[in-house]
file coords_23.txt (compact mmCIF, C-alpha atoms)
# COMPACT_ATOMS: atom_id res chain seq x y z
CA MET A 649 1.74 -2.62 -25.40
CA ILE A 650 2.94 -0.62 -22.40
CA ALA A 651 -0.66 -0.11 -21.26
CA LEU A 652 -1.23 -3.87 -21.32
CA MET A 653 1.88 -4.45 -19.24
CA GLY A 654 0.65 -1.85 -16.76
CA ALA A 655 -2.76 -3.50 -16.62
CA GLY A 656 -1.10 -6.87 -15.99
CA ILE A 657 1.00 -5.48 -13.15
CA PHE A 658 -2.03 -3.77 -11.63
CA VAL A 659 -4.19 -6.90 -11.84
CA ALA A 660 -1.43 -9.06 -10.35
CA THR A 661 -1.03 -6.57 -7.50
CA VAL A 662 -4.76 -6.52 -6.78
CA LEU A 663 -4.91 -10.32 -6.79
CA LEU A 664 -1.92 -10.66 -4.47
CA PHE A 665 -3.35 -8.02 -2.14
CA TRP A 666 -6.72 -9.77 -2.08
CA ARG A 667 -4.98 -13.08 -1.38
CA SER A 668 -3.11 -11.60 1.59
CA LEU A 669 -6.25 -10.30 3.34
CA PRO A 670 -7.32 -12.04 6.57
CA ARG A 671 -9.28 -15.24 6.07
CA LYS A 672 -11.18 -17.20 8.72
CA GLY A 673 -9.66 -15.12 11.49
CA LYS A 674 -6.08 -15.72 10.39
CA VAL A 675 -3.88 -12.82 9.31
CA HIS A 676 -0.91 -12.94 6.95
CA PHE A 677 2.31 -14.23 8.53
CA LEU A 678 4.05 -10.85 8.02
CA VAL A 679 1.49 -8.91 10.08
CA GLY A 680 3.05 -7.59 13.26
CA THR A 681 6.64 -8.11 12.11
CA LYS A 682 9.35 -5.59 11.31
CA VAL A 683 8.88 -6.05 7.56
CA GLU A 684 5.14 -5.35 7.55
CA SER A 685 5.63 -1.75 6.42
CA TYR A 686 7.83 -2.88 3.52
CA PHE A 687 5.20 -5.44 2.56
CA VAL A 688 2.53 -2.73 2.41
CA MET A 689 4.82 -0.36 0.52
CA THR A 690 5.41 -3.06 -2.11
CA PHE A 691 1.68 -3.23 -2.78
CA VAL A 692 1.39 0.55 -3.04
CA VAL A 693 4.37 0.92 -5.36
CA SER A 694 3.22 -1.95 -7.59
CA ALA A 695 -0.30 -0.53 -7.91
CA VAL A 696 1.04 2.94 -8.74
CA LEU A 697 3.51 1.50 -11.26
CA GLY A 698 0.70 -0.36 -13.01
CA LEU A 699 -1.49 2.73 -13.16
CA ILE A 700 1.34 4.93 -14.42
CA LEU A 701 2.18 2.44 -17.18
CA MET A 702 -1.48 2.29 -18.23
CA ILE A 703 -1.69 6.09 -18.39
CA TYR A 704 1.61 6.36 -20.26
CA GLY A 705 0.51 3.74 -22.76
CA ALA A 706 -2.82 5.51 -23.31
CA VAL A 707 -1.08 8.87 -23.85
CA GLN A 708 1.37 7.33 -26.33
CA HIS A 709 -1.48 5.66 -28.19
CA PHE A 710 -3.44 8.86 -28.69
call {"tool": "encode", "arguments": {"input": "coords_23.txt", "output": "structure tokens"}}
result
Amino acid sequence: MIALMGAGIFVATVLLFWRSLPRKGKVHFLVGTKVESYFVMTFVVSAVLGLILMIYGAVQHF
């Protein structure tokens, strides 16, 4: 169950990251602002959290 939650978090993070990539020459509205580094850190932390939950769930299963 925990591994599925981790997979869901990871997939959601990847989709949100993909959605925020530049399209047709336009960048995300947070690029170049003071909060850009926090925005990036949110993606990194979410991806790591998802991976850790998947690993933890796999270890608990076996």
call {"tool": "atom_distance", "arguments": {"input": "coords_23.txt", "atom1": "atom CA of A:Val688", "atom2": "atom CA of A:Ile657"}}
result
15.9 Å
call {"tool": "atom_distance", "arguments": {"input": "coords_23.txt", "atom1": "atom CA of A:Leu652", "atom2": "atom CA of A:Ile703"}}
result
10.4 Å
call {"tool": "closest_residue", "arguments": {"input": "coords_23.txt", "among": "A:Val707, A:Leu697, A:Thr681, A:Phe691", "to": "A:Ser668", "atoms": "only C-alpha atoms"}}
result
A:Phe691
call {"tool": "axis_aligned_box", "arguments": {"input": "coords_23.txt", "around": "stretch 687-702 of chain A", "padding_each_side": "4 Å", "output": "lines of an AutoDock Vina configuration file"}}
result
center_x = 2.0
center_y = -0.3
center_z = -7.8
size_x = 14.9
size_y = 18.4
size_z = 28.8
call {"tool": "residues_around", "arguments": {"input": "coords_23.txt", "residues": "A:Val696", "least_positions_apart": "3", "cutoff": "10 Å", "atoms": "only C-alpha atoms", "output": "list in words"}}
result
Gly654, Ile657, Phe658, Thr661, Thr690, Phe691, Val692, Val693, Leu699, Ile700, Leu701 and Met702 of chain A
call {"tool": "atom_distance", "arguments": {"input": "coords_23.txt", "atom1": "atom CA of A:Ile650", "atom2": "atom CA of A:Phe710"}}
result
13.0 Å
call {"tool": "closest_residue", "arguments": {"input": "coords_23.txt", "among": "A:Ala655, A:Ala695, A:Met649, A:Val683", "to": "A:Gln708", "atoms": "all atoms listed in the file"}}
result
A:Met649
call {"tool": "closest_residue", "arguments": {"input": "coords_23.txt", "among": "A:Val679, A:Ala651, A:Ser694, A:Ser685", "to": "A:Leu664", "atoms": "only C-alpha atoms"}}
result
A:Ser694
